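The structure file run.txt is reproduced below (compact mmCIF, C-alpha atoms).
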```txt
# COMPACT_ATOMS: atom_id res chain seq x y z
CA MET E 1 -55.01 42.11 182.98
CA LEU E 2 -54.92 45.73 184.12
CA ARG E 3 -51.60 47.26 185.04
CA PRO E 4 -51.16 50.34 187.22
CA MET E 5 -50.54 53.61 185.45
CA ALA E 6 -47.11 55.13 185.98
CA SER E 7 -48.90 58.14 187.35
CA THR E 8 -50.32 59.54 190.54
CA ALA E 9 -53.47 60.89 188.87
CA GLU E 10 -56.56 59.00 190.02
CA PHE E 11 -59.70 57.82 188.30
CA PRO E 12 -62.73 60.09 188.63
CA ARG E 13 -64.65 60.73 191.83
CA ALA E 14 -67.01 57.81 192.56
CA HIS E 15 -64.83 55.43 190.67
CA THR E 16 -65.93 52.69 193.01
CA GLU E 17 -69.36 53.01 191.35
CA LEU E 18 -67.99 52.10 187.93
CA SER E 19 -68.33 48.57 186.58
CA ALA E 20 -65.30 46.44 185.69
CA THR E 21 -65.92 47.14 182.00
CA GLU E 22 -66.05 50.88 182.61
CA LYS E 23 -62.85 50.82 184.67
CA THR E 24 -61.10 48.86 181.94
CA PHE E 25 -62.30 51.36 179.36
CA LEU E 26 -60.92 54.29 181.35
CA GLN E 27 -57.62 52.53 181.95
CA ALA E 28 -57.32 51.75 178.25
CA TYR E 29 -58.20 55.34 177.35
CA ARG E 30 -55.38 56.64 179.53
CA TRP E 31 -52.84 54.33 177.88
CA MET E 32 -54.09 55.56 174.50
CA LEU E 33 -53.73 59.15 175.64
CA LEU E 34 -50.20 58.62 176.91
CA ALA E 35 -49.24 56.89 173.65
CA ARG E 36 -50.64 59.80 171.61
CA VAL E 37 -48.84 62.42 173.67
CA VAL E 38 -45.46 60.67 173.65
CA GLU E 39 -45.65 60.06 169.90
CA GLU E 40 -46.47 63.70 169.25
CA LYS E 41 -43.37 64.55 171.26
CA LEU E 42 -41.28 62.07 169.26
CA ALA E 43 -42.50 63.65 166.02
CA SER E 44 -41.47 67.06 167.33
CA LEU E 45 -38.02 65.79 168.30
CA TYR E 46 -37.64 64.17 164.88
CA ARG E 47 -38.45 67.43 163.11
CA GLY E 48 -35.97 69.17 165.40
CA GLY E 49 -33.15 66.81 164.42
CA LYS E 50 -33.00 65.06 167.80
CA ILE E 51 -33.99 61.64 166.43
CA PHE E 52 -32.24 59.78 163.62
CA GLY E 53 -33.98 57.09 161.63
CA GLY E 54 -37.74 56.94 161.26
CA VAL E 55 -40.64 57.93 163.48
CA PHE E 56 -43.88 56.06 162.88
CA LEU E 57 -47.07 57.28 164.55
CA SER E 58 -49.97 55.08 165.61
CA LYS E 59 -52.52 57.92 165.41
CA GLY E 60 -55.88 56.34 164.64
CA GLN E 61 -54.83 52.83 165.70
CA GLU E 62 -54.44 53.30 169.47
CA ALA E 63 -57.83 51.77 170.37
CA LEU E 64 -57.05 48.52 168.59
CA SER E 65 -53.49 48.44 169.91
CA VAL E 66 -54.32 49.08 173.55
CA SER E 67 -57.07 46.46 173.46
CA LEU E 68 -54.47 43.78 172.79
CA GLY E 69 -51.92 44.99 175.33
CA ILE E 70 -54.47 45.28 178.11
CA SER E 71 -55.94 41.82 177.38
CA LEU E 72 -52.64 39.97 177.76
CA ARG E 73 -51.14 38.67 181.00
CA LYS E 74 -47.67 39.02 182.42
CA ARG E 75 -46.35 35.63 181.24
CA ASP E 76 -47.75 35.96 177.71
CA ILE E 77 -45.64 36.65 174.62
CA PHE E 78 -46.19 39.96 172.82
CA ALA E 79 -44.54 40.98 169.55
CA PRO E 80 -45.56 44.58 168.81
CA LEU E 81 -45.00 46.47 165.58
CA ILE E 82 -44.34 50.14 164.85
CA ARG E 83 -47.87 51.37 165.65
CA ASP E 84 -48.27 49.57 168.96
CA GLN E 85 -47.07 52.15 171.47
CA ALA E 86 -50.39 51.97 173.34
CA ALA E 87 -50.21 48.17 173.58
CA ARG E 88 -46.59 48.31 174.74
CA LEU E 89 -47.51 50.64 177.59
CA ALA E 90 -50.57 48.60 178.58
CA PHE E 91 -48.52 45.39 178.56
CA GLY E 92 -46.02 46.93 180.95
CA GLU E 93 -43.18 48.40 178.88
CA PRO E 94 -41.61 51.38 180.70
CA LEU E 95 -42.03 54.72 178.92
CA LEU E 96 -38.27 55.23 179.21
CA ASP E 97 -37.70 52.21 176.98
CA CYS E 98 -39.43 54.16 174.22
CA THR E 99 -37.61 57.48 174.62
CA ARG E 100 -34.23 55.84 175.23
CA THR E 101 -34.45 53.70 172.10
CA TYR E 102 -35.66 56.48 169.81
CA MET E 103 -32.97 58.83 171.09
CA GLY E 104 -30.14 56.29 171.18
CA SER E 105 -29.45 56.26 174.91
CA ARG E 106 -26.84 53.77 176.07
CA LEU E 107 -29.11 52.99 179.04
CA GLY E 108 -31.99 51.77 176.87
CA PRO E 109 -32.94 48.12 176.43
CA MET E 110 -30.98 47.92 173.15
CA ARG E 111 -28.06 50.02 174.51
CA GLY E 112 -28.29 52.33 171.49
CA ARG E 113 -27.05 49.50 169.26
CA ASP E 114 -30.04 49.00 166.97
CA GLY E 115 -32.56 50.89 164.90
CA ASN E 116 -34.84 53.12 166.93
CA VAL E 117 -37.95 50.93 166.65
CA HIS E 118 -36.45 47.49 167.34
CA ARG E 119 -36.65 47.54 171.11
CA GLY E 120 -37.84 44.73 173.34
CA ARG E 121 -37.35 42.75 176.53
CA PRO E 122 -37.60 39.07 175.56
CA ALA E 123 -37.16 37.83 179.14
CA GLU E 124 -40.26 39.82 180.05
CA GLY E 125 -42.30 38.66 177.07
CA ILE E 126 -41.86 41.69 174.76
CA LEU E 127 -40.09 40.61 171.59
CA PRO E 128 -37.94 43.13 169.67
CA MET E 129 -39.61 44.02 166.40
CA ILE E 130 -38.44 42.63 163.06
CA SER E 131 -39.15 45.15 160.30
CA HIS E 132 -39.83 42.57 157.58
CA LEU E 133 -43.58 42.28 157.22
CA GLY E 134 -45.02 39.11 158.67
CA ALA E 135 -41.79 38.01 160.33
CA MET E 136 -43.11 38.38 163.87
CA ILE E 137 -45.83 35.78 163.26
CA PRO E 138 -43.45 32.79 162.83
CA THR E 139 -41.32 34.19 165.66
CA VAL E 140 -44.27 34.08 168.05
CA ALA E 141 -45.36 30.69 166.72
CA GLY E 142 -41.87 29.35 167.36
CA ALA E 143 -41.85 30.75 170.88
CA LEU E 144 -45.19 29.10 171.59
CA MET E 145 -43.87 25.77 170.27
CA ALA E 146 -40.84 26.13 172.54
CA ARG E 147 -43.11 26.67 175.53
CA ARG E 148 -45.13 23.62 174.58
CA PHE E 149 -41.99 21.49 174.47
CA ARG E 150 -41.10 22.78 177.94
CA GLY E 151 -44.53 21.94 179.29
CA ILE E 152 -45.56 25.55 179.88
CA GLN E 153 -49.34 25.97 179.58
CA GLY E 154 -51.89 28.74 179.86
CA THR E 155 -49.99 31.42 177.97
CA VAL E 156 -50.90 33.26 174.77
CA GLY E 157 -48.69 34.64 172.02
CA ALA E 158 -49.84 37.73 170.18
CA THR E 159 -48.61 39.95 167.41
CA CYS E 160 -49.93 42.58 165.04
CA ILE E 161 -49.67 43.30 161.34
CA GLY E 162 -51.05 45.65 158.74
CA ASP E 163 -53.25 44.67 155.81
CA GLY E 164 -50.22 44.65 153.48
CA GLY E 165 -48.44 42.11 155.65
CA THR E 166 -51.17 39.55 154.95
CA SER E 167 -49.80 39.29 151.39
CA THR E 168 -46.46 37.89 152.52
CA GLY E 169 -45.24 34.32 152.56
CA ALA E 170 -44.42 34.58 156.26
CA PHE E 171 -48.09 35.30 157.00
CA HIS E 172 -49.22 32.22 155.08
CA GLU E 173 -46.63 29.76 156.35
CA SER E 174 -46.80 30.75 160.01
CA LEU E 175 -50.59 30.99 160.22
CA ASN E 176 -50.84 27.60 158.53
CA LEU E 177 -48.38 26.11 161.04
CA ALA E 178 -50.19 27.71 163.97
CA ALA E 179 -53.50 26.31 162.75
CA VAL E 180 -52.15 22.78 162.27
CA GLU E 181 -50.54 22.84 165.73
CA ARG E 182 -53.50 24.67 167.30
CA LEU E 183 -51.22 27.18 168.91
CA PRO E 184 -52.65 29.85 171.25
CA LEU E 185 -51.73 32.58 168.76
CA VAL E 186 -53.66 35.83 168.43
CA LEU E 187 -52.96 37.71 165.21
CA VAL E 188 -54.39 41.23 165.06
CA VAL E 189 -54.60 42.78 161.60
CA ALA E 190 -54.99 46.54 161.37
CA ASN E 191 -56.69 47.01 158.02
CA ASN E 192 -55.82 50.68 157.67
CA GLN E 193 -56.68 50.63 153.96
CA TYR E 194 -53.13 51.15 152.70
CA ALA E 195 -49.91 49.12 152.67
CA TYR E 196 -47.75 52.23 152.81
CA SER E 197 -49.33 53.88 149.73
CA THR E 198 -50.82 50.77 148.08
CA PRO E 199 -54.62 50.58 148.54
CA THR E 200 -56.29 47.38 149.64
CA THR E 201 -57.82 46.94 146.17
CA ARG E 202 -54.30 46.10 144.98
CA GLN E 203 -53.52 43.92 148.03
CA PHE E 204 -56.18 41.22 148.12
CA ALA E 205 -59.19 40.06 146.12
CA CYS E 206 -61.28 38.50 148.89
CA ARG E 207 -64.31 40.40 150.15
CA ASP E 208 -62.80 40.92 153.60
CA LEU E 209 -59.47 39.94 155.15
CA VAL E 210 -61.30 38.07 157.92
CA ASP E 211 -62.47 35.60 155.24
CA LYS E 212 -58.92 34.26 155.17
CA ALA E 213 -59.50 32.72 158.60
CA VAL E 214 -61.76 30.04 157.16
CA GLY E 215 -59.14 28.95 154.66
CA TYR E 216 -56.59 28.36 157.40
CA GLY E 217 -59.06 26.70 159.74
CA VAL E 218 -58.80 29.38 162.43
CA GLU E 219 -61.42 31.52 164.13
CA GLY E 220 -61.94 34.98 162.67
CA HIS E 221 -63.25 38.15 164.28
CA SER E 222 -64.09 41.56 162.79
CA VAL E 223 -64.21 44.84 164.66
CA ASP E 224 -64.51 48.57 164.12
CA GLY E 225 -61.02 49.68 165.11
CA THR E 226 -62.16 53.26 165.78
CA ASP E 227 -64.40 52.06 168.63
CA LEU E 228 -62.48 51.38 171.86
CA LEU E 229 -65.31 49.52 173.59
CA ALA E 230 -65.86 47.21 170.63
CA SER E 231 -62.11 46.63 170.29
CA LEU E 232 -61.77 45.74 173.97
CA GLN E 233 -64.61 43.26 173.71
CA VAL E 234 -63.57 41.58 170.44
CA VAL E 235 -59.83 41.45 171.06
CA GLY E 236 -60.34 40.41 174.68
CA HIS E 237 -62.66 37.59 173.54
CA ALA E 238 -60.10 36.41 170.97
CA VAL E 239 -57.35 36.30 173.59
CA GLU E 240 -59.50 34.26 175.95
CA ARG E 241 -60.51 31.86 173.13
CA ALA E 242 -56.82 31.25 172.38
CA ARG E 243 -56.03 30.78 176.07
CA ALA E 244 -58.87 28.30 176.44
CA GLY E 245 -57.41 25.99 173.79
CA HIS E 246 -59.43 26.98 170.72
CA GLY E 247 -56.38 27.52 168.54
CA PRO E 248 -55.24 30.60 166.61
CA GLN E 249 -57.46 33.66 166.46
CA LEU E 250 -57.44 36.17 163.60
CA VAL E 251 -58.79 39.63 164.44
CA VAL E 252 -59.28 42.09 161.58
CA ALA E 253 -59.99 45.70 162.49
CA SER E 254 -61.21 48.32 160.04
CA LEU E 255 -59.75 51.78 160.59
CA LEU E 256 -57.61 54.45 158.96
CA ARG E 257 -54.07 55.53 159.70
CA LEU E 258 -54.46 59.23 160.55
CA ALA E 259 -50.90 60.11 159.58
CA GLY E 260 -48.45 59.21 156.86
CA HIS E 261 -46.63 55.89 156.90
CA GLY E 262 -43.95 57.72 158.89
CA GLU E 263 -43.03 61.31 159.63
CA HIS E 264 -41.15 61.34 156.31
CA ASP E 265 -44.43 60.72 154.44
CA ASP E 266 -47.28 63.22 154.09
CA GLY E 267 -49.93 60.58 153.24
CA HIS E 268 -51.15 62.57 150.22
CA TYR E 269 -52.36 59.34 148.56
CA VAL E 270 -55.07 58.68 151.16
CA SER E 271 -58.53 59.20 149.71
CA PRO E 272 -60.30 62.30 151.11
CA GLY E 273 -63.49 60.24 151.16
CA LEU E 274 -61.92 57.79 153.61
CA LYS E 275 -60.72 60.60 155.84
CA GLU E 276 -64.20 62.11 155.97
CA GLY E 277 -66.00 58.78 156.49
CA ALA E 278 -66.50 56.51 159.48
CA LEU E 279 -63.07 54.93 159.10
CA GLY E 280 -61.48 58.38 159.47
CA ARG E 281 -62.80 58.89 162.99
CA ASP E 282 -60.14 59.56 165.60
CA CYS E 283 -60.44 56.68 168.07
CA LEU E 284 -59.15 58.85 170.91
CA LYS E 285 -61.88 61.44 170.33
CA VAL E 286 -64.51 58.72 169.98
CA ALA E 287 -63.45 57.29 173.35
CA GLU E 288 -63.54 60.73 174.96
CA GLU E 289 -67.07 61.32 173.67
CA ARG E 290 -68.23 58.02 175.17
CA ILE E 291 -66.66 58.87 178.52
CA ILE E 292 -68.44 62.22 178.62
CA ASP E 293 -71.77 60.87 177.34
CA GLN E 294 -71.75 58.08 179.93
CA ALA E 295 -70.62 60.44 182.72
CA TRP E 296 -67.64 58.20 183.53
CA ALA E 297 -65.51 61.33 183.93
CA THR E 298 -65.81 65.07 183.41
CA ARG E 299 -64.03 67.20 180.84
CA GLU E 300 -62.00 68.69 183.68
CA GLU E 301 -60.82 65.23 184.67
CA LEU E 302 -59.92 64.42 181.06
CA ALA E 303 -57.86 67.61 180.97
CA LEU E 304 -56.02 66.55 184.13
CA TRP E 305 -55.22 63.18 182.59
CA HIS E 306 -53.85 64.94 179.51
CA GLU E 307 -51.66 67.12 181.70
CA ASP E 308 -50.43 64.02 183.51
CA ALA E 309 -49.55 62.33 180.21
CA GLN E 310 -47.63 65.42 179.16
CA ARG E 311 -45.77 65.46 182.48
CA GLN E 312 -44.75 61.81 182.16
CA THR E 313 -43.59 62.39 178.60
CA GLU E 314 -41.56 65.50 179.38
CA GLU E 315 -39.91 63.81 182.35
CA ALA E 316 -38.94 60.78 180.26
CA VAL E 317 -37.52 62.92 177.46
CA ALA E 318 -35.62 65.19 179.86
CA GLN E 319 -34.06 62.21 181.61
CA THR E 320 -33.12 60.58 178.29
CA LEU E 321 -31.48 63.76 177.02
CA ARG E 322 -29.14 63.70 180.03
CA GLU E 323 -28.04 60.11 179.38
CA PRO E 324 -24.89 59.02 177.50
CA LEU E 325 -24.83 57.80 173.92
CA PRO E 326 -22.79 54.70 172.99
CA ASP E 327 -19.13 55.47 172.28
CA PRO E 328 -17.88 53.43 169.28
CA SER E 329 -14.27 53.66 170.49
CA GLN E 330 -15.06 52.18 173.89
CA GLU E 331 -18.12 50.00 173.38
CA ASP E 332 -17.97 46.21 173.61
CA TRP E 333 -20.18 45.32 170.66
CA CYS E 334 -20.76 41.65 171.40
CA SER E 335 -24.35 40.45 171.54
CA LEU E 336 -26.07 41.38 174.79
CA ALA E 337 -27.32 37.80 175.10
CA SER E 338 -23.93 36.18 174.52
CA ARG E 339 -21.51 38.33 176.50
CA HIS E 340 -20.38 35.25 178.43
CA LEU E 341 -19.08 33.80 175.14
CA SER E 342 -16.92 36.79 174.23
CA GLU E 343 -13.14 36.43 174.36
CA GLY E 344 -10.77 38.41 176.54
```

In structure tokens, what does this structure look like?
Amino acid sequence: MLRPMASTAEFPRAHTELSATEKTFLQAYRWMLLARVVEEKLASLYRGGKIFGGVFLSKGQEALSVSLGISLRKRDIFAPLIRDQAARLAFGEPLLDCTRTYMGSRLGPMRGRDGNVHRGRPAEGILPMISHLGAMIPTVAGALMARRFRGIQGTVGATCIGDGGTSTGAFHESLNLAAVERLPLVLVVANNQYAYSTPTTRQFACRDLVDKAVGYGVEGHSVDGTDLLASLQVVGHAVERARAGHGPQLVVASLLRLAGHGEHDDGHYVSPGLKEGALGRDCLKVAEERIIDQAWATREELALWHEDAQRQTEEAVAQTLREPLPDPSQEDWCSLASRHLSEG
């Protein structure tokens, strides 16, 4: 489902002449662009001492991420991880939720009470991230079971994980449960070739991670995660298969993280050969080249979209910088979800 951009910039001239697929591609590209720009700003703020904690960039994974966010519907369940800024935006998360959480604003969704990447809005279908690898899979499976018990149908639950997370017990137990119960779960695996600094050769012995799908009795899909069009098609198909009652879907995308694990890590362990090969392509640049080659927009229009993304980012950061931080001497630290149970 497409969601309107938080922007006044329009699609290119004869945009009525574009097909639905082309319009979706351009919409997805703009979410990717906004995610890239805001994360570059967050990295700058981190280096300037304005952000405490970690900053984790999704550079190189935006095409895969946005393909999931844009394929989900409003009533679906989405559990993003640290490299899913593009999917968050496409699913409907306000940009201010990002800047407020990273910068500790008291007006953010977590009220400045949690780590800077654990934001979410459960009532709106966006689950706050759990840092432990694999933990979001059983969380989504449990939420889908709860909906089943309540008689809610037609919704999908989706989450993402890296290749390293497939080695965890949580991955095994929850995917096995989802398969047995035939839950409408979509699990997207970003095989970015390293679990932090551990290469895939030390992570799994199977030929390809998608081969694990057969062992669990779920449908598996492979995709080139540097290719936005392919990602939109494969991820979108997996979401619709889950929604149509075909059980869990495992999507494995091949790509490369084009930054360190976080801004504290220089990524020196990444093989130069991988960086120079097909997996090292920048998905944002690949998408831009397709747009130009297919004449879906001009370079001037792309530049205007970039300026618009920068404007949105600067406005969100400026507003956040003016907002109050939580005051430990005055704050009521009870759980946001259980305030009615607090005493006094």

Exercise for the section: Pick out the closest residue to Glu240 in chain E from this set: E:Ser71, E:Ser44, E:Thr298, E:Gln27. Count only C-alpha atoms. Expected result: E:Ser71

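Closest approach to Leu33 in chain E among E:Lys59, E:Lys212, E:Arg83, E:Arg73 is made by E:Lys59 (distances from all atoms listed in the file).
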
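For the residues E:Ala297, E:Leu274, E:Ala190, E:Ile51, ranking by smallest atom-to-atom distance to Ile82 in chain E using all atoms listed in the file places E:Ala190 first.
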
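Distances from E:Leu81, E:Val214, E:Cys98, E:Ala278 to Leu127 in chain E were compared using only C-alpha atoms, and the smallest one belongs to E:Leu81.
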
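When only C-alpha atoms are used to compute distances to Asn192 in chain E, the closest of the residues E:Lys23, E:Arg257, E:Arg30, E:Arg121 turns out to be E:Arg257.
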
Problem - Within 8 Å of Val55 in chain E using all atoms listed in the file, minus same-chain residues under 3 positions, as an NGL selection string - result: :E and (42-43 or 46 or 262-264)

Near-range 109-113 of chain E list (12 Å; only C-alpha atoms; drop same-chain fewer than 2 positions) as a short mmCIF file (atom, residue, chain, number, x, y, z; two decimals) with C-alpha atoms, in the frame of the given file:
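What ended up in part14.cif:
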```cif
data_model
loop_
_atom_site.label_atom_id
_atom_site.label_comp_id
_atom_site.auth_asym_id
_atom_site.auth_seq_id
_atom_site.Cartn_x
_atom_site.Cartn_y
_atom_site.Cartn_z
CA PHE E 52 -32.24 59.78 163.62
CA GLU E 93 -43.18 48.40 178.88
CA PRO E 94 -41.61 51.38 180.70
CA LEU E 95 -42.03 54.72 178.92
CA LEU E 96 -38.27 55.23 179.21
CA ASP E 97 -37.70 52.21 176.98
CA CYS E 98 -39.43 54.16 174.22
CA THR E 99 -37.61 57.48 174.62
CA ARG E 100 -34.23 55.84 175.23
CA THR E 101 -34.45 53.70 172.10
CA TYR E 102 -35.66 56.48 169.81
CA MET E 103 -32.97 58.83 171.09
CA GLY E 104 -30.14 56.29 171.18
CA SER E 105 -29.45 56.26 174.91
CA ARG E 106 -26.84 53.77 176.07
CA LEU E 107 -29.11 52.99 179.04
CA GLY E 115 -32.56 50.89 164.90
CA ASN E 116 -34.84 53.12 166.93
CA VAL E 117 -37.95 50.93 166.65
CA HIS E 118 -36.45 47.49 167.34
CA ARG E 119 -36.65 47.54 171.11
CA GLY E 120 -37.84 44.73 173.34
CA ARG E 121 -37.35 42.75 176.53
CA PRO E 122 -37.60 39.07 175.56
CA ALA E 123 -37.16 37.83 179.14
CA GLU E 124 -40.26 39.82 180.05
CA ILE E 126 -41.86 41.69 174.76
CA LEU E 127 -40.09 40.61 171.59
CA PRO E 128 -37.94 43.13 169.67
CA MET E 129 -39.61 44.02 166.40
CA THR E 320 -33.12 60.58 178.29
CA GLU E 323 -28.04 60.11 179.38
CA PRO E 324 -24.89 59.02 177.50
CA LEU E 325 -24.83 57.80 173.92
CA PRO E 326 -22.79 54.70 172.99
CA ASP E 327 -19.13 55.47 172.28
CA PRO E 328 -17.88 53.43 169.28
CA GLU E 331 -18.12 50.00 173.38
CA ASP E 332 -17.97 46.21 173.61
CA TRP E 333 -20.18 45.32 170.66
CA CYS E 334 -20.76 41.65 171.40
CA SER E 335 -24.35 40.45 171.54
CA LEU E 336 -26.07 41.38 174.79
CA ALA E 337 -27.32 37.80 175.10
#
```

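The two atoms in question, CA of Ala35 in chain E and CA of Val234 in chain E, are spaced 21.2 Å apart.
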
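Distance-wise, CA of Gln294 in chain E and CA of Met32 in chain E end up 18.6 Å apart.
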
Problem - Near-range 268-272 of chain E list (9 Å; only C-alpha atoms; drop same-chain fewer than 6 positions) as a ChimeraX atom specification - result: /E:193-194,197-199,260

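Around Leu209 in chain E, within 9 Å and counting only C-alpha atoms, the residues found are E:Asp163, E:Thr166, E:Val189, E:Asn191, E:Phe204, E:Cys206, E:Lys212, E:Ala213, E:Val252, once anything fewer than 3 positions away on its own chain is removed.
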
Exercise for the section: State, in Å with one decimal place, the distance from CA of Ser67 in chain E to CA of Ser231 in chain E. Expected result: 6.0 Å

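Residue nearest Thr313 in chain E, chosen from E:Val38, E:Leu18, E:Val156, E:Ile137 and counting only C-alpha atoms: E:Val38.
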
Using all atoms listed in the file and a cutoff of 9 Å, can you tell me which residues are near (-58.0, 55.7, 175.1) in the file's coordinates, and write them out as a tab-separated table (two decimals) with C-alpha atoms, keeping the file's coordinate frame?
```tsv
chain	number	residue	atom	x	y	z
E	25	PHE	CA	-62.30	51.36	179.36
E	26	LEU	CA	-60.92	54.29	181.35
E	27	GLN	CA	-57.62	52.53	181.95
E	28	ALA	CA	-57.32	51.75	178.25
E	29	TYR	CA	-58.20	55.34	177.35
E	30	ARG	CA	-55.38	56.64	179.53
E	31	TRP	CA	-52.84	54.33	177.88
E	32	MET	CA	-54.09	55.56	174.50
E	33	LEU	CA	-53.73	59.15	175.64
E	34	LEU	CA	-50.20	58.62	176.91
E	35	ALA	CA	-49.24	56.89	173.65
E	62	GLU	CA	-54.44	53.30	169.47
E	63	ALA	CA	-57.83	51.77	170.37
E	66	VAL	CA	-54.32	49.08	173.55
E	86	ALA	CA	-50.39	51.97	173.34
E	228	LEU	CA	-62.48	51.38	171.86
E	283	CYS	CA	-60.44	56.68	168.07
E	284	LEU	CA	-59.15	58.85	170.91
E	285	LYS	CA	-61.88	61.44	170.33
E	286	VAL	CA	-64.51	58.72	169.98
E	287	ALA	CA	-63.45	57.29	173.35
E	288	GLU	CA	-63.54	60.73	174.96
```

Contacts of His261 in chain E at 7 Å (all atoms listed in the file; same-chain gap of 6+ positions) as a JSON list (two decimals) with C-alpha atoms, in the frame of the given file:
```json
[["chain", "number", "residue", "atom", "x", "y", "z"],
["E", 56, "PHE", "CA", -43.88, 56.06, 162.88],
["E", 196, "TYR", "CA", -47.75, 52.23, 152.81],
["E", 267, "GLY", "CA", -49.93, 60.58, 153.24]]
```

Against range 246-251 of chain E, which residues of range 22-101 of chain E fall within 12 Å? For each one I want the closest pair of atoms and the distance in Å (one decimal), counting only C-alpha atoms, rows by chain and increasing residue number, as JSON lines.
```
{"residue": "E:Leu64", "atom": "CA", "partner": "E:Val251", "partner_atom": "CA", "distance": 10.0}
{"residue": "E:Ser65", "atom": "CA", "partner": "E:Val251", "partner_atom": "CA", "distance": 11.6}
{"residue": "E:Ser67", "atom": "CA", "partner": "E:Val251", "partner_atom": "CA", "distance": 11.4}
{"residue": "E:Leu68", "atom": "CA", "partner": "E:Val251", "partner_atom": "CA", "distance": 10.3}
```
